[in-house]
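Enquirer: One file: my_file_34.cif (mmCIF, C-alpha atoms and all ligand atoms).
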data_final
loop_
_atom_site.label_atom_id
_atom_site.label_comp_id
_atom_site.auth_asym_id
_atom_site.auth_seq_id
_atom_site.Cartn_x
_atom_site.Cartn_y
_atom_site.Cartn_z
CA MET W 1 21.80 -24.01 19.14
CA THR W 2 19.92 -26.95 20.53
CA GLU W 3 16.88 -25.22 22.10
CA ASP W 4 13.61 -24.99 20.14
CA ARG W 5 12.52 -21.73 21.74
CA ILE W 6 14.19 -18.57 22.96
CA LEU W 7 14.93 -18.62 26.70
CA LEU W 8 15.70 -15.69 28.95
CA ALA W 9 19.17 -17.25 29.15
CA HIS W 10 19.68 -16.29 25.49
CA GLY W 11 19.95 -12.72 26.74
CA ASN W 12 22.11 -13.25 29.81
CA GLY W 13 25.54 -12.70 28.30
CA GLY W 14 26.68 -16.30 28.71
CA ARG W 15 26.97 -19.40 26.58
CA PHE W 16 23.36 -19.39 25.35
CA MET W 17 23.70 -15.81 24.14
CA ARG W 18 27.01 -16.52 22.45
CA GLU W 19 25.46 -19.50 20.68
CA LEU W 20 22.45 -17.44 19.58
CA ILE W 21 24.71 -14.76 18.13
CA THR W 22 27.26 -17.01 16.45
CA GLY W 23 24.92 -19.88 15.56
CA LEU W 24 22.03 -17.83 14.20
CA PHE W 25 22.66 -14.10 13.66
CA ALA W 26 26.29 -14.30 12.51
CA ARG W 27 25.55 -17.34 10.36
CA HIS W 28 23.19 -15.23 8.23
CA LEU W 29 24.69 -11.77 8.51
CA SER W 30 28.43 -12.52 8.52
CA ASN W 31 30.69 -10.00 6.75
CA PRO W 32 34.15 -8.55 7.44
CA LEU W 33 32.76 -5.51 9.31
CA LEU W 34 30.55 -7.57 11.60
CA ASP W 35 33.05 -10.37 12.14
CA THR W 36 35.23 -8.52 14.60
CA ASP W 37 35.34 -8.46 18.36
CA ALA W 38 35.64 -4.67 18.44
CA ASP W 39 33.07 -2.66 20.44
CA ALA W 40 32.65 -0.20 17.60
CA VAL W 41 33.27 -0.56 13.90
CA ARG W 42 35.14 1.84 11.64
CA LEU W 43 33.09 2.26 8.46
CA PRO W 44 34.96 2.60 5.19
CA GLY W 45 34.44 6.08 3.75
CA LEU W 46 31.51 6.65 1.41
CA ASN W 47 31.82 8.32 -1.97
CA GLY W 48 28.87 10.66 -1.82
CA GLU W 49 27.16 12.59 0.93
CA THR W 50 26.21 10.26 3.81
CA LEU W 51 22.54 9.82 4.71
CA VAL W 52 21.23 8.07 7.79
CA THR W 53 17.77 6.86 8.83
CA VAL W 54 16.34 4.71 11.61
CA ASP W 55 13.13 2.77 12.06
CA GLY W 56 11.68 0.17 14.44
CA PHE W 57 9.57 -2.66 13.07
CA THR W 58 6.77 -4.68 14.59
CA VAL W 59 4.17 -6.64 12.69
CA GLN W 60 1.64 -9.31 13.65
CA PRO W 61 1.83 -11.97 12.35
CA LEU W 62 5.63 -12.03 11.97
CA GLU W 63 5.24 -13.84 8.64
CA PHE W 64 2.46 -12.89 6.21
CA PRO W 65 1.65 -13.47 2.52
CA GLY W 66 4.23 -11.62 0.47
CA GLY W 67 6.73 -10.98 3.25
CA ASP W 68 7.85 -11.15 6.86
CA LEU W 69 9.30 -8.92 9.57
CA GLY W 70 12.89 -9.59 8.44
CA SER W 71 12.60 -8.42 4.84
CA LEU W 72 10.06 -5.73 5.84
CA ALA W 73 12.65 -4.15 8.15
CA VAL W 74 15.21 -4.02 5.34
CA HIS W 75 12.69 -2.64 2.85
CA GLY W 76 11.49 0.04 5.27
CA VAL W 77 14.98 1.41 5.77
CA VAL W 78 16.16 0.96 2.17
CA ASN W 79 13.04 2.74 0.93
CA ASP W 80 13.56 5.73 3.21
CA LEU W 81 17.11 6.07 1.87
CA ALA W 82 16.02 5.48 -1.74
CA VAL W 83 13.32 8.17 -1.81
CA ALA W 84 15.86 10.57 -0.30
CA GLY W 85 18.19 9.83 -3.21
CA ALA W 86 20.61 7.45 -1.51
CA VAL W 87 21.91 3.92 -2.08
CA PRO W 88 22.00 1.80 1.09
CA ARG W 89 25.48 0.73 2.22
CA TYR W 90 25.35 -0.29 5.90
CA PHE W 91 22.77 -1.28 8.48
CA THR W 92 22.80 -1.69 12.20
CA LEU W 93 20.36 -4.25 13.55
CA SER W 94 18.98 -4.36 17.08
CA ALA W 95 16.77 -7.40 17.74
CA ILE W 96 14.46 -7.41 20.78
CA ILE W 97 13.35 -11.04 21.11
CA GLU W 98 10.52 -12.32 23.29
CA GLU W 99 11.12 -15.34 25.47
CA GLY W 100 9.34 -18.32 23.94
CA LEU W 101 9.80 -17.31 20.28
CA GLU W 102 10.49 -20.40 18.17
CA VAL W 103 14.17 -20.51 17.24
CA ALA W 104 13.26 -21.88 13.80
CA GLN W 105 11.05 -18.86 13.13
CA LEU W 106 13.74 -16.45 14.34
CA ASP W 107 16.15 -18.23 12.01
CA ARG W 108 13.80 -17.77 9.03
CA LEU W 109 13.28 -14.08 9.83
CA ILE W 110 16.98 -13.30 10.15
CA ALA W 111 17.71 -15.30 6.98
CA SER W 112 15.07 -13.18 5.24
CA PHE W 113 16.64 -9.98 6.63
CA ALA W 114 20.05 -11.10 5.37
CA ALA W 115 18.77 -11.99 1.89
CA ALA W 116 16.98 -8.65 1.51
CA ALA W 117 20.05 -6.77 2.74
CA ARG W 118 22.25 -8.57 0.21
CA ALA W 119 19.74 -7.95 -2.59
CA ASN W 120 20.00 -4.24 -1.85
CA GLY W 121 23.79 -4.22 -1.68
CA ALA W 122 24.10 -3.42 2.02
CA ALA W 123 25.77 -5.18 4.96
CA VAL W 124 25.06 -5.20 8.69
CA ALA W 125 27.98 -3.38 10.30
CA ALA W 126 26.83 -3.66 13.91
CA GLY W 127 24.20 -5.63 15.75
CA ASP W 128 22.74 -6.32 19.17
CA THR W 129 20.27 -8.78 20.69
CA LYS W 130 18.14 -8.51 23.82
CA VAL W 131 15.67 -11.00 25.24
CA VAL W 132 12.54 -9.76 27.05
CA ARG W 133 10.27 -11.84 29.27
CA ARG W 134 7.33 -13.70 27.82
CA SER W 135 4.31 -11.41 27.14
CA GLU W 136 6.50 -8.30 27.18
CA GLY W 137 7.19 -8.34 23.44
CA GLY W 138 5.34 -9.26 20.27
CA GLY W 139 7.68 -12.12 19.45
CA LEU W 140 10.29 -9.94 17.82
CA TYR W 141 11.02 -6.27 17.30
CA LEU W 142 13.71 -5.13 14.90
CA ALA W 143 15.27 -1.67 15.10
CA VAL W 144 17.35 -0.86 12.05
CA THR W 145 19.60 2.06 11.17
CA GLY W 146 20.37 2.54 7.50
CA ILE W 147 23.43 4.39 6.26
CA GLY W 148 23.54 5.28 2.60
CA GLU W 149 25.42 7.38 0.13
CA ARG W 150 23.69 9.98 -1.93
CA ALA W 151 23.52 9.13 -5.62
CA ALA W 152 20.68 11.34 -6.88
CA ARG W 153 21.76 14.43 -8.73
CA THR W 154 18.35 16.08 -8.58
CA GLU W 155 17.61 17.87 -5.33
CA LEU W 156 14.55 16.30 -3.70
CA ALA W 157 12.61 18.38 -1.19
CA MET W 158 9.01 19.30 -0.42
CA ARG W 159 9.83 23.00 -0.72
CA ARG W 160 10.51 22.47 -4.43
CA ILE W 161 6.86 21.48 -4.99
CA ALA W 162 4.81 24.09 -6.88
CA PRO W 163 1.15 24.47 -7.93
CA GLY W 164 0.51 22.63 -11.19
CA ASP W 165 2.94 19.81 -10.34
CA ALA W 166 1.76 16.25 -10.93
CA VAL W 167 1.43 13.56 -8.26
CA LEU W 168 2.31 9.98 -9.18
CA VAL W 169 2.19 6.62 -7.43
CA SER W 170 4.34 3.66 -8.50
CA GLY W 171 1.67 0.96 -7.97
CA PRO W 172 -1.57 -0.05 -6.22
CA VAL W 173 -2.12 1.26 -2.68
CA GLY W 174 -3.21 -0.60 0.45
CA ASP W 175 -1.88 -4.08 -0.38
CA HIS W 176 0.28 -4.40 2.74
CA GLY W 177 -2.45 -3.21 5.09
CA VAL W 178 -5.04 -5.60 3.73
CA ALA W 179 -2.64 -8.57 3.36
CA VAL W 180 -1.60 -8.30 7.02
CA MET W 181 -5.23 -7.83 8.08
CA LEU W 182 -6.23 -10.98 6.20
CA ALA W 183 -3.27 -12.90 7.66
CA ARG W 184 -4.56 -12.10 11.15
CA GLU W 185 -7.91 -13.67 10.28
CA GLN W 186 -9.43 -11.39 12.91
CA PHE W 187 -12.44 -10.50 10.81
CA GLY W 188 -13.11 -14.03 9.61
CA LEU W 189 -11.84 -12.96 6.19
CA SER W 190 -9.20 -14.70 4.14
CA GLY W 191 -7.78 -14.12 0.70
CA ALA W 192 -4.86 -14.52 -1.65
CA LEU W 193 -3.64 -10.92 -1.54
CA ARG W 194 0.09 -10.49 -0.94
CA SER W 195 1.83 -7.60 0.76
CA ASP W 196 3.65 -5.20 -1.55
CA SER W 197 6.65 -5.28 0.83
CA ALA W 198 9.61 -4.65 -1.48
CA SER W 199 12.60 -2.43 -2.09
CA VAL W 200 11.80 0.67 -4.15
CA LEU W 201 15.49 1.25 -4.89
CA GLY W 202 15.06 0.39 -8.60
CA LEU W 203 12.08 2.74 -8.97
CA ALA W 204 13.87 5.53 -7.12
CA ARG W 205 17.05 5.06 -9.13
CA ALA W 206 15.05 5.36 -12.36
CA ALA W 207 13.75 8.74 -11.17
CA TRP W 208 16.83 10.26 -9.54
CA ASP W 209 18.33 12.05 -12.53
CA LEU W 210 15.04 13.28 -13.96
CA PRO W 211 15.00 17.08 -14.15
CA GLY W 212 11.63 18.18 -12.84
CA LEU W 213 11.41 15.49 -10.16
CA ARG W 214 10.61 17.46 -7.00
CA PHE W 215 10.03 15.02 -4.17
CA MET W 216 9.46 11.35 -3.35
CA ARG W 217 8.15 9.58 -0.25
CA ASP W 218 7.30 5.95 0.44
CA PRO W 219 3.79 5.73 1.85
CA THR W 220 3.83 3.34 4.85
CA ARG W 221 1.62 3.75 7.95
CA GLY W 222 -1.23 6.10 7.13
CA GLY W 223 -0.91 5.35 3.42
CA LEU W 224 -1.26 7.64 0.42
CA ALA W 225 -3.59 10.09 2.21
CA THR W 226 -1.01 10.70 4.94
CA VAL W 227 1.76 11.50 2.43
CA ALA W 228 -0.68 13.85 0.67
CA HIS W 229 -1.35 15.58 4.00
CA GLU W 230 2.37 15.94 4.67
CA ILE W 231 2.77 17.59 1.26
CA ALA W 232 -0.23 19.90 1.82
CA ARG W 233 1.00 20.97 5.25
CA ALA W 234 4.59 21.57 4.13
CA THR W 235 3.73 23.45 0.93
CA GLY W 236 0.57 25.31 1.92
CA HIS W 237 -1.10 24.01 -1.25
CA ALA W 238 -3.91 21.53 -1.89
CA VAL W 239 -3.28 18.01 -3.13
CA ALA W 240 -6.09 16.94 -5.48
CA LEU W 241 -6.27 13.20 -6.13
CA ASP W 242 -8.28 11.67 -8.95
CA GLN W 243 -10.13 8.66 -7.56
CA ALA W 244 -10.39 6.98 -10.97
CA ALA W 245 -6.61 7.17 -11.43
CA VAL W 246 -5.45 5.88 -8.03
CA PRO W 247 -4.68 2.16 -8.50
CA VAL W 248 -6.44 -0.03 -5.91
CA ARG W 249 -6.70 -3.80 -6.33
CA GLY W 250 -10.19 -5.29 -6.43
CA GLU W 251 -9.52 -7.37 -3.33
CA VAL W 252 -8.35 -4.33 -1.37
CA GLU W 253 -11.45 -2.43 -2.47
CA SER W 254 -13.77 -5.30 -1.41
CA VAL W 255 -12.20 -5.63 2.04
CA CYS W 256 -12.38 -1.86 2.52
CA GLU W 257 -16.05 -1.80 1.52
CA MET W 258 -16.84 -4.64 3.92
CA LEU W 259 -15.00 -3.14 6.88
CA GLY W 260 -15.57 0.54 6.21
CA TYR W 261 -11.88 1.34 5.62
CA ASP W 262 -10.55 3.79 3.11
CA PRO W 263 -7.76 2.29 0.96
CA TYR W 264 -6.03 5.67 0.77
CA TYR W 265 -5.12 5.37 4.47
CA LEU W 266 -3.86 1.79 4.41
CA ALA W 267 -0.16 0.97 4.63
CA CYS W 268 2.00 0.24 1.62
CA GLU W 269 5.55 -1.14 1.96
CA GLY W 270 6.84 -1.05 -1.60
CA ARG W 271 5.43 2.03 -3.29
CA ILE W 272 6.61 5.57 -4.03
CA VAL W 273 4.51 8.71 -4.16
CA ALA W 274 6.34 11.27 -6.31
CA VAL W 275 5.72 14.89 -7.21
CA ALA W 276 7.08 16.06 -10.55
CA ALA W 277 6.86 19.20 -12.68
CA PRO W 278 4.04 18.84 -15.23
CA GLU W 279 6.47 18.49 -18.16
CA ALA W 280 8.36 15.68 -16.35
CA ALA W 281 5.36 13.60 -15.25
CA GLU W 282 4.91 11.54 -18.42
CA GLU W 283 8.62 10.77 -18.58
CA LEU W 284 8.64 9.58 -14.96
CA LEU W 285 5.55 7.47 -15.62
CA ALA W 286 7.22 5.88 -18.66
CA ARG W 287 10.41 5.14 -16.69
CA TRP W 288 8.46 3.49 -13.89
CA ARG W 289 6.24 1.50 -16.22
CA ALA W 290 9.31 0.11 -17.96
CA LEU W 291 10.21 -1.66 -14.69
CA PRO W 292 8.36 -4.80 -13.54
CA GLU W 293 7.62 -3.24 -10.14
CA GLY W 294 6.27 -0.06 -11.77
CA GLY W 295 3.94 -1.61 -14.36
CA GLU W 296 0.86 -0.25 -12.60
CA ALA W 297 2.21 3.26 -11.96
CA GLN W 298 -0.20 6.15 -12.52
CA ILE W 299 -0.40 9.92 -12.50
CA ILE W 300 -2.96 10.33 -9.74
CA GLY W 301 -3.40 14.03 -9.15
CA ARG W 302 -1.86 17.46 -8.94
CA ILE W 303 -0.92 20.31 -6.65
CA GLU W 304 -3.42 23.19 -6.54
CA ALA W 305 -2.47 26.67 -5.29
CA GLY W 306 -3.42 27.66 -1.74
CA ASN W 307 -5.69 26.08 0.87
CA PRO W 308 -3.64 23.17 2.26
CA ARG W 309 -5.95 20.14 2.25
CA VAL W 310 -6.33 16.83 0.46
CA LEU W 311 -9.17 16.47 -2.03
CA LEU W 312 -10.44 13.37 -3.74
CA GLU W 313 -12.19 13.95 -7.05
CA THR W 314 -14.73 11.15 -7.19
CA GLU W 315 -15.71 9.21 -10.23
CA LEU W 316 -19.13 10.92 -10.11
CA GLY W 317 -17.49 14.31 -10.55
CA GLY W 318 -17.74 15.44 -6.92
CA ARG W 319 -14.93 16.39 -4.55
CA ARG W 320 -14.56 15.08 -1.06
CA ILE W 321 -12.02 16.08 1.53
CA LEU W 322 -9.72 13.33 2.81
CA GLU W 323 -9.23 14.29 6.44
CA GLU W 324 -6.01 13.65 8.28
CA LEU W 325 -5.91 10.19 9.87
CA GLU W 326 -6.72 10.24 13.58
CA ASP W 327 -7.24 6.71 14.78
CA ASP W 328 -4.96 4.06 13.33
CA PRO W 329 -7.33 1.41 11.95
CA LEU W 330 -4.60 -1.23 12.00
CA PRO W 331 -1.98 -1.13 14.75
CA ARG W 332 1.30 -3.10 14.55
CA ILE W 333 1.44 -3.29 10.83
CA CYS W 334 5.02 -2.31 10.01
MG MG W 401 9.43 6.74 4.65
#
Output the structure of this file as structure tokens.
Expert:
Amino acid sequence: MTEDRILLAHGNGGRFMRELITGLFARHLSNPLLDTDADAVRLPGLNGETLVTVDGFTVQPLEFPGGDLGSLAVHGVVNDLAVAGAVPRYFTLSAIIEEGLEVAQLDRLIASFAAAARANGAAVAAGDTKVVRRSEGGGLYLAVTGIGERAARTELAMRRIAPGDAVLVSGPVGDHGVAVMLAREQFGLSGALRSDSASVLGLARAAWDLPGLRFMRDPTRGGLATVAHEIARATGHAVALDQAAVPVRGEVESVCEMLGYDPYYLACEGRIVAVAAPEAAEELLARWRALPEGGEAQIIGRIEAGNPRVLLETELGGRRILEELEDDPLPRIC
């Protein structure tokens, strides 16, 4: 490709589009499934039960400390499969590109997507590109389907959650939300905080065969509080979180204090919230802490019978209700 920026012609079906696909996308994503001229690809059979998930990704800026849209899109889909007990095998990738996007940046983002996909053992089996007119897109949107094969032996489902169960988190909350906020420099704030954008496949794998593991979810938009609300609503029980136990980095806390945000509602992109039977909680904590990405894992609360709501037990000994999120404090974050 010789152009510096994406032109509408890169979406017109002709030479420019062919060069974009072969010279950029295929160069990074090439594999035997993708490298065919067929309209649809026959996937090799999977060993276990097949799981599928889909997500669309948009983030401003497209590159931020600790990550970028390319790897974020892989992590988002891998993590949804991982917490459901599956290993990722195949992706589809649909890229909606805005006219005017720098080709060099697109190249970096797709290279990052490809590297993250490889690191998680999955290949892009089908892909598509579209170009939209200038000002009609945020530079780049990625829509990704993930196909995985079930590897967990333990059944994971919210209905298995019971009063007395422990709630765990695999690491500090709110890093992604604050890192992206700082990268936007919209509040005149800057800092060294990095997004937690990462695959949780290793953490999930360490938990999969643990008897007593009930349920896992990766907190993304809406953060820890939103996952807690989903659990409360589905089970009919209260989720009581211990403020002193929930890991929050100092920098995240400072930014939240300055801007009036609550870290429990801020997006994570590389964490797991798990619910485990009381007798399994310490074992899960030990397994997570034995991994580099789980070194800051904590038991952060428990399920209490009846009255579906989310409570935060404060360090002063009080209890406050964490309401369900209404207004997204940070749009276009993942
Ligand atoms: Mg999820």
Enquirer: Please provide as an mmCIF file with C-alpha atoms, keeping the file's coordinate frame all residues within 12 Å of W:Leu316, with the sequence filter that same-chain residues fewer than 4 positions apart are discarded (counting all atoms listed in the file).
Expert:
data_model
loop_
_atom_site.group_PDB
_atom_site.id
_atom_site.type_symbol
_atom_site.label_atom_id
_atom_site.label_comp_id
_atom_site.auth_asym_id
_atom_site.auth_seq_id
_atom_site.Cartn_x
_atom_site.Cartn_y
_atom_site.Cartn_z
ATOM 1 C CA ASP W 242 -8.280 11.670 -8.950
ATOM 2 C CA GLN W 243 -10.130 8.660 -7.560
ATOM 3 C CA ALA W 244 -10.390 6.980 -10.970
ATOM 4 C CA LEU W 312 -10.440 13.370 -3.740
ATOM 5 C CA ARG W 320 -14.560 15.080 -1.060
#
Enquirer: List as an MDAnalysis selection string the residues having at least one atom at most 9 Å from position (-6.7, 19.3, -7.6) as given in the file, counting only C-alpha atoms.
Expert: chainID W and resid 164 238:242 301:305 310:313
Enquirer: Export, as an mmCIF file, keeping the file's coordinate frame, the selected residues with C-alpha atoms.
Expert:
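Saved the output as result.cif:
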data_model
loop_
_atom_site.group_PDB
_atom_site.id
_atom_site.type_symbol
_atom_site.label_atom_id
_atom_site.label_comp_id
_atom_site.auth_asym_id
_atom_site.auth_seq_id
_atom_site.Cartn_x
_atom_site.Cartn_y
_atom_site.Cartn_z
ATOM 1 C CA GLY W 164 0.510 22.630 -11.190
ATOM 2 C CA ALA W 238 -3.910 21.530 -1.890
ATOM 3 C CA VAL W 239 -3.280 18.010 -3.130
ATOM 4 C CA ALA W 240 -6.090 16.940 -5.480
ATOM 5 C CA LEU W 241 -6.270 13.200 -6.130
ATOM 6 C CA ASP W 242 -8.280 11.670 -8.950
ATOM 7 C CA GLY W 301 -3.400 14.030 -9.150
ATOM 8 C CA ARG W 302 -1.860 17.460 -8.940
ATOM 9 C CA ILE W 303 -0.920 20.310 -6.650
ATOM 10 C CA GLU W 304 -3.420 23.190 -6.540
ATOM 11 C CA ALA W 305 -2.470 26.670 -5.290
ATOM 12 C CA VAL W 310 -6.330 16.830 0.460
ATOM 13 C CA LEU W 311 -9.170 16.470 -2.030
ATOM 14 C CA LEU W 312 -10.440 13.370 -3.740
ATOM 15 C CA GLU W 313 -12.190 13.950 -7.050
#
Enquirer: To check your reading of the model: which residues sit at most 8 Å from ligand MG 401 (chain W) when counting all atoms listed in the file? Write the answer as a PDB file with C-alpha atoms, keeping the file's coordinate frame.
Expert:
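As written to disk, result.pdb reads:
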ATOM      1  CA  GLY W  76      11.490   0.040   5.270  1.00  0.00           C
ATOM      2  CA  VAL W  77      14.980   1.410   5.770  1.00  0.00           C
ATOM      3  CA  ASN W  79      13.040   2.740   0.930  1.00  0.00           C
ATOM      4  CA  ASP W  80      13.560   5.730   3.210  1.00  0.00           C
ATOM      5  CA  VAL W  83      13.320   8.170  -1.810  1.00  0.00           C
ATOM      6  CA  ARG W 217       8.150   9.580  -0.250  1.00  0.00           C
ATOM      7  CA  ASP W 218       7.300   5.950   0.440  1.00  0.00           C
ATOM      8  CA  PRO W 219       3.790   5.730   1.850  1.00  0.00           C
ATOM      9  CA  THR W 220       3.830   3.340   4.850  1.00  0.00           C
TER      10      THR W 220
END
Enquirer: Excluding same-chain residues fewer than 5 positions from W:Pro65, what lies within 9 Å of it counting all atoms listed in the file, as number ranges by chain?
Expert: W: 179-180, 183, 192-195
Enquirer: Now that the selection is made, can you save its residues with C-alpha atoms as a short mmCIF file (atom, residue, chain, number, x, y, z; two decimals), in the coordinates of the input?
Expert:
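The result, stored in again.cif:
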data_model
loop_
_atom_site.label_atom_id
_atom_site.label_comp_id
_atom_site.auth_asym_id
_atom_site.auth_seq_id
_atom_site.Cartn_x
_atom_site.Cartn_y
_atom_site.Cartn_z
CA ALA W 179 -2.64 -8.57 3.36
CA VAL W 180 -1.60 -8.30 7.02
CA ALA W 183 -3.27 -12.90 7.66
CA ALA W 192 -4.86 -14.52 -1.65
CA LEU W 193 -3.64 -10.92 -1.54
CA ARG W 194 0.09 -10.49 -0.94
CA SER W 195 1.83 -7.60 0.76
#
Enquirer: When you draw a straight line from atom CA of W:Met17 to atom CA of W:Ser112, how long is it in Å?
Expert: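 Atom CA of W:Ser112 lies 20.9 Å from atom CA of W:Met17.
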Enquirer: Let me make sure I understand: among W:Gly222, W:Gly294, W:Pro278, W:Gly236, which one has the smallest atom-to-atom distance to W:Leu325 if we use all atoms listed in the file?
Expert: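 Nearest to W:Leu325: W:Gly222.
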Enquirer: Taking all atoms listed in the file into account, which of W:Val246, W:Leu7, W:Leu142, W:Ala73 comes nearest W:Ala95?
Expert: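 Distance minimum relative to W:Ala95 lands on W:Leu142.
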Enquirer: Using all atoms listed in the file, which protein or nucleic acid residues come within 9 Å of stretch 96-99 of chain W? Drop anything in the same chain fewer than 4 positions from it, and give the result as a list in words.
Expert: Arg5, Ile6, Leu7, Leu8, His10, Gly11, Leu106, Asp128, Thr129, Lys130, Val131, Val132, Arg133, Arg134, Ser135, Glu136, Gly137, Gly138, Gly139, Leu140, Tyr141, Leu142 and Ala143 of chain W
Enquirer: What is the atom CA of W:Ile300-atom CA of W:Val169 distance in Å, reported with one decimal?
Expert: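 If I compute the distance from atom CA of W:Ile300 to atom CA of W:Val169, I get 6.8 Å.
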Enquirer: Using Å and a single decimal, report how far atom CA of W:Gly148 sits from atom CA of W:Gly70.
Expert: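 So the two atoms, atom CA of W:Gly70 and atom CA of W:Gly148, lie 19.2 Å apart.
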Enquirer: For W:Arg89, list every protein, DNA or RNA residue within 7 Å, evaluated using all atoms listed in the file, and leave out those in the same chain fewer than 4 positions away; present the list as a list of chain:residue names.
Expert: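 Answer for this query is W:Gly121, W:Ala122, W:Ala123, W:Ile147, W:Gly148, W:Glu149.
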Enquirer: With C-alpha atoms retained, export the selected residues as a PDB file, keeping the file's coordinate frame.
Expert:
ATOM      1  CA  GLY W 121      23.790  -4.220  -1.680  1.00  0.00           C
ATOM      2  CA  ALA W 122      24.100  -3.420   2.020  1.00  0.00           C
ATOM      3  CA  ALA W 123      25.770  -5.180   4.960  1.00  0.00           C
ATOM      4  CA  ILE W 147      23.430   4.390   6.260  1.00  0.00           C
ATOM      5  CA  GLY W 148      23.540   5.280   2.600  1.00  0.00           C
ATOM      6  CA  GLU W 149      25.420   7.380   0.130  1.00  0.00           C
TER       7      GLU W 149
END
